[in-house]
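*Asks:* Quick one: this structure, given as structure tokens, is what I'll be asking you about.
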Amino acid sequence: MTLVLKGARCVDPQVNLDSVCDILVEGTQIIAIDNSIDAPQNASVLDCSGKVILPGLMDIHVHFRDPGQEYKETIEGGCASSAHGGYTDVATMPNTSPVCDTGALVTYQIEKSRACGTARIHPIGAISHGQQQESLAEIGDMYAAGARAFSDDGRGVQTAGLMRIAMDYISQFDAVAISHCQDEFLVGSGVVNEGVVSTRLGLAGWPAQGEEIQIARDIMLSELTGCPLHIAHVSTIKGVEMVKQAKQSGLQVTCEVTPHHLFLCEDDITEDFDTNYKMNPPLRTKEDMLALQEALIDGTIDCVVSDHAPHAAHEKDYEFERAPFGIVGIETELPLILTNLVQNGKLSWSRVVQTMCINPRKILRCNPVVLKPGSEATLVVIDPQKKFTVTKDWLVSKSKNTPFLGFELTGCATDALLCGSWTLRSGSVAIQS
């Protein structure tokens, strides 16, 4: 396919690019980027006036439930949801059934995503066998199959001894340990942030320290072992401060934040007991929420992730205490960032690229995707003025469990290319032949 994308604002700080220009794509590659490109004969032309083109987005924290829980989501459905959200690359967490703890299961996900063609999957392998935290998983085998990060996400690794052994081992590879920080003995049966709201609603509280204690522990273990450490879905002021101090000390520590922790807080949970507001970690205080926004803007937080966690409608219909944690989010992730931080000038387009394109790939040791001639044609076209309402019909995901239903948002992906092939076209997921 030969294609010319015309008249978009193209932004990529990797090559100091931020200007209105045209992009020529031939086959899988970008051939030229210039102020004006005459379309070759038989080329397709896409008018991108008023739109913004970025390198393809990457989300390094999603749950696609495949294998084992395909009634919630499948790899095909998860990749389609990713394309709808403007994402070309995603990293899947290992808490499938069976758990992704072998090279064969890493290969299964990679090959299945290649077959559907709407997004690339970069599987994250489990730290412990079956996530039972009794013995180390087959980390070398998974690394050889393509895994570059390891986590027991869904659970915090409960013993410092096992986490130390895991980090010692992971440090021997070009890989990163991802820590879901949750002290299960301290958190107990908590379902919402411990404080005024948990007391008012009569729900078991989940103290911030249940997260922060393991952040502190794993930063110290990173210092001990030399293993790169990535903190998953940080949600508290103190958690962010500990990451900041670790960075200032020269440690290889990074962290991520979700849109729901950026733009929702415990005050949004009402007497309706809407289980779409039940997530892990829980929504924290308004002060935490605002601090996370500032930490993303100033660069302390490295990247934005969705923690896309599909659940069937009947599961979320349980009582608040019994319903599973988690929400879908990869389709609303970009629009929420654009609506709440970009439209008001708090977050620049360059920072959007840094946090949603560049840093995620650096953290997971993936090849960079760059807007320059000779690079693979993997990019996303965004309409920053597109207004829409989040509805169940708008969501492509098999599951619809999100607190953002009914929200009016501004800005979304309209088109995307993965290695020169359409994955999103005029707002609709492209069907791969």
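Chain labels A, B, ... are given in the sequence in which chains occur in the structure tokens; within each chain residues are numbered consecutively from 1, and ligands are likewise numbered from 1 in the order shown.
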Applying 8 Å and only C-alpha atoms, which residues near A:Ile23 remain after dropping the ones on its own chain fewer than 6 positions away? List them as an mmCIF file with N, CA and C atoms, in the first residue's frame.
*Replies:*
data_model
loop_
_atom_site.group_PDB
_atom_site.id
_atom_site.type_symbol
_atom_site.label_atom_id
_atom_site.label_comp_id
_atom_site.auth_asym_id
_atom_site.auth_seq_id
_atom_site.Cartn_x
_atom_site.Cartn_y
_atom_site.Cartn_z
ATOM 1 N N VAL A 4 -0.438 8.603 1.443
ATOM 2 C CA VAL A 4 0.037 9.906 1.887
ATOM 3 C C VAL A 4 -0.956 10.457 2.910
ATOM 4 N N LEU A 5 -0.444 10.730 4.102
ATOM 5 C CA LEU A 5 -1.237 11.377 5.144
ATOM 6 C C LEU A 5 -0.908 12.866 5.089
ATOM 7 N N LYS A 6 -1.881 13.699 4.814
ATOM 8 C CA LYS A 6 -1.603 15.097 4.500
ATOM 9 C C LYS A 6 -2.121 16.050 5.581
ATOM 10 N N ILE A 30 7.793 4.201 6.602
ATOM 11 C CA ILE A 30 7.684 5.626 6.293
ATOM 12 C C ILE A 30 8.809 5.969 5.315
ATOM 13 N N ILE A 31 8.445 6.543 4.179
ATOM 14 C CA ILE A 31 9.430 6.878 3.145
ATOM 15 C C ILE A 31 9.881 8.326 3.259
ATOM 16 N N ALA A 32 8.928 9.219 3.559
ATOM 17 C CA ALA A 32 9.277 10.631 3.622
ATOM 18 C C ALA A 32 8.336 11.371 4.564
ATOM 19 N N ILE A 33 8.870 12.413 5.197
ATOM 20 C CA ILE A 33 8.083 13.365 5.988
ATOM 21 C C ILE A 33 8.535 14.748 5.569
ATOM 22 N N ASP A 34 7.597 15.545 5.053
ATOM 23 C CA ASP A 34 7.976 16.860 4.521
ATOM 24 C C ASP A 34 6.797 17.810 4.622
ATOM 25 N N ILE A 37 4.066 16.841 0.233
ATOM 26 C CA ILE A 37 4.459 15.691 -0.582
ATOM 27 C C ILE A 37 3.406 15.469 -1.650
#
*Asks:* DSSP says helix (DSSP H, G or I) for which residues of stretch 5-164 of chain A? Put them as number ranges by chain?
*Replies:* A: 13-15, 75-85, 103-116, 129-131, 139-145, 160-164
*Asks:* I'd like to know which of A:Pro228, A:Pro310, A:Pro403, A:Pro259 is closest to A:Asp274, using only C-alpha atoms.
*Replies:*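 Checking each candidate against A:Asp274, we get A:Pro403 as the closest.
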*Asks:* Neighbouring residues of A:Ser397 were defined as those with any atom within 8 Å, considering only C-alpha atoms; residues of the same chain fewer than 5 positions away were excluded. Please report them as a list in words.
*Replies:* Glu73, Gly77, Gly78, Ala80, Ser81, Pro310 and Val328 of chain A
*Asks:* Which neighbours of A:Ser171 fall inside 12 Å, counting only C-alpha atoms, when residues of the same chain fewer than 5 positions from it are skipped, and could you give them as a list in words?
*Replies:*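 Those residues are Ile139, Gly140, Tyr143, Arg148, Ala149, Phe150, Met163, Arg164, Ile165, Ala166, Val176, Ala177, Leu221, Ser222, Glu223, Leu224, Thr225, Gly226, Cys227, Pro228, Leu229 and Gln252 of chain A.
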*Asks:* For stretch 99-113 of chain A, find every residue with an atom within 6 Å (counting only C-alpha atoms), except residues of its own chain fewer than 5 positions away, and show them as a PDB file with C-alpha atoms, in the first residue's frame.
*Replies:*
ATOM      1  CA  PRO A  94       0.174 -13.145  33.169  1.00  0.00           C
ATOM      2  CA  ARG A 120       1.059  -6.406  18.794  1.00  0.00           C
ATOM      3  CA  ILE A 121       1.119  -8.240  22.109  1.00  0.00           C
ATOM      4  CA  PRO A 123       3.478 -10.831  26.994  1.00  0.00           C
ATOM      5  CA  GLY A 125       5.635 -13.531  32.256  1.00  0.00           C
ATOM      6  CA  ALA A 126       4.803 -14.581  35.801  1.00  0.00           C
ATOM      7  CA  GLY A 130       1.194 -20.472  38.765  1.00  0.00           C
ATOM      8  CA  ALA A 137       8.604 -19.525  37.209  1.00  0.00           C
ATOM      9  CA  GLU A 138      10.467 -20.428  34.004  1.00  0.00           C
ATOM     10  CA  ASP A 141      12.311 -19.969  29.017  1.00  0.00           C
ATOM     11  CA  MET A 142       9.870 -17.045  28.844  1.00  0.00           C
ATOM     12  CA  ALA A 145      10.230 -16.767  23.835  1.00  0.00           C
TER      13      ALA A 145
END
*Asks:* For A:His311, list every protein, DNA or RNA residue within 8 Å, evaluated using only C-alpha atoms, and leave out those in the same chain fewer than 2 positions away; present the list as a list in words.
*Replies:*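 Surrounding residues, per the criterion: Lys72, Glu73, Ala309, Ala313, Glu315, Lys316, Pro324, Gly326, Ile327, Ser399, Lys400 and Asn401 of chain A.
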*Asks:* Can you pull out every residue within 9 Å of A:Cys357, counting only C-alpha atoms, but drop anything in the same chain fewer than 6 positions away, and send it as number ranges by chain?
*Replies:* A: 54-59, 303, 368-369
*Asks:* Write to file, as a PDB file, in the first residue's frame, the residues of the selection just made, with N, CA and C atoms.
*Replies:*
ATOM      1  N   LEU A  54       0.911  10.858  15.952  1.00  0.00           N
ATOM      2  CA  LEU A  54       1.938  10.457  16.905  1.00  0.00           C
ATOM      3  C   LEU A  54       2.458   9.072  16.525  1.00  0.00           C
ATOM      4  N   PRO A  55       3.636   8.687  17.005  1.00  0.00           N
ATOM      5  CA  PRO A  55       4.030   7.281  16.893  1.00  0.00           C
ATOM      6  C   PRO A  55       2.966   6.405  17.572  1.00  0.00           C
ATOM      7  N   GLY A  56       2.846   5.148  17.156  1.00  0.00           N
ATOM      8  CA  GLY A  56       1.833   4.266  17.718  1.00  0.00           C
ATOM      9  C   GLY A  56       1.903   4.201  19.238  1.00  0.00           C
ATOM     10  N   LEU A  57       0.753   4.253  19.886  1.00  0.00           N
ATOM     11  CA  LEU A  57       0.700   4.217  21.340  1.00  0.00           C
ATOM     12  C   LEU A  57       0.981   2.811  21.872  1.00  0.00           C
ATOM     13  N   MET A  58       1.500   2.752  23.098  1.00  0.00           N
ATOM     14  CA  MET A  58       1.747   1.461  23.739  1.00  0.00           C
ATOM     15  C   MET A  58       1.242   1.500  25.177  1.00  0.00           C
ATOM     16  N   ASP A  59       0.498   0.465  25.561  1.00  0.00           N
ATOM     17  CA  ASP A  59      -0.017   0.300  26.927  1.00  0.00           C
ATOM     18  C   ASP A  59       0.646  -0.949  27.502  1.00  0.00           C
ATOM     19  N   CYS A 303       4.792   6.650  32.717  1.00  0.00           N
ATOM     20  CA  CYS A 303       3.856   6.316  31.652  1.00  0.00           C
ATOM     21  C   CYS A 303       2.439   6.134  32.171  1.00  0.00           C
ATOM     22  N   PRO A 368      12.124   1.116  19.502  1.00  0.00           N
ATOM     23  CA  PRO A 368      11.394   2.379  19.430  1.00  0.00           C
ATOM     24  C   PRO A 368      10.605   2.493  18.137  1.00  0.00           C
ATOM     25  N   VAL A 369       9.514   3.223  18.193  1.00  0.00           N
ATOM     26  CA  VAL A 369       8.734   3.561  17.010  1.00  0.00           C
ATOM     27  C   VAL A 369       8.858   5.069  16.823  1.00  0.00           C
TER      28      VAL A 369
END
*Asks:* For stretch 14-130 of chain A against stretch 418-433 of chain A, with a cut-off of 9 Å and counting only C-alpha atoms, what is the closest atom pair and its distance in Å to one decimal for every residue that makes the cut, ordered by chain and number, as JSON lines?
*Replies:*
{"residue": "A:Val25", "atom": "CA", "partner": "A:Gly420", "partner_atom": "CA", "distance": 7.0}
{"residue": "A:Glu26", "atom": "CA", "partner": "A:Gly420", "partner_atom": "CA", "distance": 7.3}
{"residue": "A:Gly27", "atom": "CA", "partner": "A:Gly420", "partner_atom": "CA", "distance": 5.7}
{"residue": "A:Thr28", "atom": "CA", "partner": "A:Gly420", "partner_atom": "CA", "distance": 4.2}
{"residue": "A:Gln29", "atom": "CA", "partner": "A:Gly420", "partner_atom": "CA", "distance": 6.4}
{"residue": "A:Ile30", "atom": "CA", "partner": "A:Gly420", "partner_atom": "CA", "distance": 8.2}
{"residue": "A:Gly56", "atom": "CA", "partner": "A:Leu418", "partner_atom": "CA", "distance": 7.6}
{"residue": "A:Ala80", "atom": "CA", "partner": "A:Val429", "partner_atom": "CA", "distance": 6.3}
{"residue": "A:Ser81", "atom": "CA", "partner": "A:Val429", "partner_atom": "CA", "distance": 8.1}
{"residue": "A:Ala83", "atom": "CA", "partner": "A:Thr423", "partner_atom": "CA", "distance": 5.8}
{"residue": "A:His84", "atom": "CA", "partner": "A:Val429", "partner_atom": "CA", "distance": 5.8}
{"residue": "A:Gly85", "atom": "CA", "partner": "A:Leu424", "partner_atom": "CA", "distance": 8.9}
{"residue": "A:Gly86", "atom": "CA", "partner": "A:Leu424", "partner_atom": "CA", "distance": 7.4}
{"residue": "A:Thr88", "atom": "CA", "partner": "A:Leu418", "partner_atom": "CA", "distance": 6.1}
{"residue": "A:Asp89", "atom": "CA", "partner": "A:Leu418", "partner_atom": "CA", "distance": 8.8}
{"residue": "A:Ala115", "atom": "CA", "partner": "A:Gln432", "partner_atom": "CA", "distance": 8.7}
{"residue": "A:Cys116", "atom": "CA", "partner": "A:Gln432", "partner_atom": "CA", "distance": 6.6}
{"residue": "A:Gly117", "atom": "CA", "partner": "A:Gln432", "partner_atom": "CA", "distance": 6.2}
{"residue": "A:Thr118", "atom": "CA", "partner": "A:Thr423", "partner_atom": "CA", "distance": 4.9}
{"residue": "A:Ala119", "atom": "CA", "partner": "A:Leu418", "partner_atom": "CA", "distance": 7.3}
{"residue": "A:Arg120", "atom": "CA", "partner": "A:Leu418", "partner_atom": "CA", "distance": 8.4}
*Asks:* Take the residues just selected and output them with C-alpha atoms as a PDB file, in the first residue's frame.
*Replies:*
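Saved file part-v5.pdb follows:
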ATOM      1  CA  VAL A  25       4.100   5.471   3.525  1.00  0.00           C
ATOM      2  CA  GLU A  26       5.044   2.640   1.171  1.00  0.00           C
ATOM      3  CA  GLY A  27       4.492  -0.926   2.296  1.00  0.00           C
ATOM      4  CA  THR A  28       5.597  -1.235   5.917  1.00  0.00           C
ATOM      5  CA  GLN A  29       7.793   1.865   6.062  1.00  0.00           C
ATOM      6  CA  ILE A  30       7.684   5.626   6.293  1.00  0.00           C
ATOM      7  CA  GLY A  56       1.833   4.266  17.718  1.00  0.00           C
ATOM      8  CA  ALA A  80      -9.564  -4.838  18.591  1.00  0.00           C
ATOM      9  CA  SER A  81     -10.217  -2.730  21.705  1.00  0.00           C
ATOM     10  CA  ALA A  83      -6.883  -0.525  18.007  1.00  0.00           C
ATOM     11  CA  HIS A  84     -10.092   1.352  18.794  1.00  0.00           C
ATOM     12  CA  GLY A  85      -8.231   3.228  21.521  1.00  0.00           C
ATOM     13  CA  GLY A  86      -5.352   4.098  19.182  1.00  0.00           C
ATOM     14  CA  THR A  88      -0.637  -0.475  18.296  1.00  0.00           C
ATOM     15  CA  ASP A  89       1.236  -2.297  21.065  1.00  0.00           C
ATOM     16  CA  ALA A 115      -2.900 -13.701  13.397  1.00  0.00           C
ATOM     17  CA  CYS A 116      -5.487 -11.037  14.222  1.00  0.00           C
ATOM     18  CA  GLY A 117      -3.177  -8.200  13.150  1.00  0.00           C
ATOM     19  CA  THR A 118      -4.882  -5.318  14.976  1.00  0.00           C
ATOM     20  CA  ALA A 119      -2.265  -4.915  17.750  1.00  0.00           C
ATOM     21  CA  ARG A 120       1.059  -6.406  18.794  1.00  0.00           C
TER      22      ARG A 120
END
*Asks:* Rounded to one decimal place, report the atom CA of A:Asp174-atom CA of A:Arg365 distance in Å.
*Replies:*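 Atom-to-atom, atom CA of A:Asp174 to atom CA of A:Arg365, that is 7.4 Å.
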*Asks:* Name the closest residue to A:Ile358 among the candidates A:Val191, A:Leu24, A:Cys10, A:Ile60; distances are taken between atoms, counting only C-alpha atoms.
*Replies:*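 Among the listed residues, A:Ile60 lies closest to A:Ile358.
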*Asks:* Report as a list in words: the residues of stretch 150-246 of chain A with a DSSP assignment of strand (DSSP E or B), based on the backbone of this structure.
*Replies:*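 After running DSSP on the backbone, stretch 150-246 of chain A has strand (DSSP E or B) at Phe150, Val176, Ala177, Ile178, Ser179, Val192, Asn193, Gly205, Trp206, Leu229, His230 and Ile231 of chain A.
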*Asks:* Enter the distance from atom CA of A:Thr92 to atom CA of A:Gly146, in Å, rounded to one decimal.
*Replies:*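 Atom CA of A:Gly146 lies at a distance of 12.4 Å from atom CA of A:Thr92.
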*Asks:* Let me make sure I understand: among A:Met242, A:Ala91, A:Val15, A:Ile170, which one has the smallest atom-to-atom distance to A:Asp307 if we use only C-alpha atoms?
*Replies:*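 When distances to A:Asp307 are compared using only C-alpha atoms, the smallest one comes from A:Ala91.
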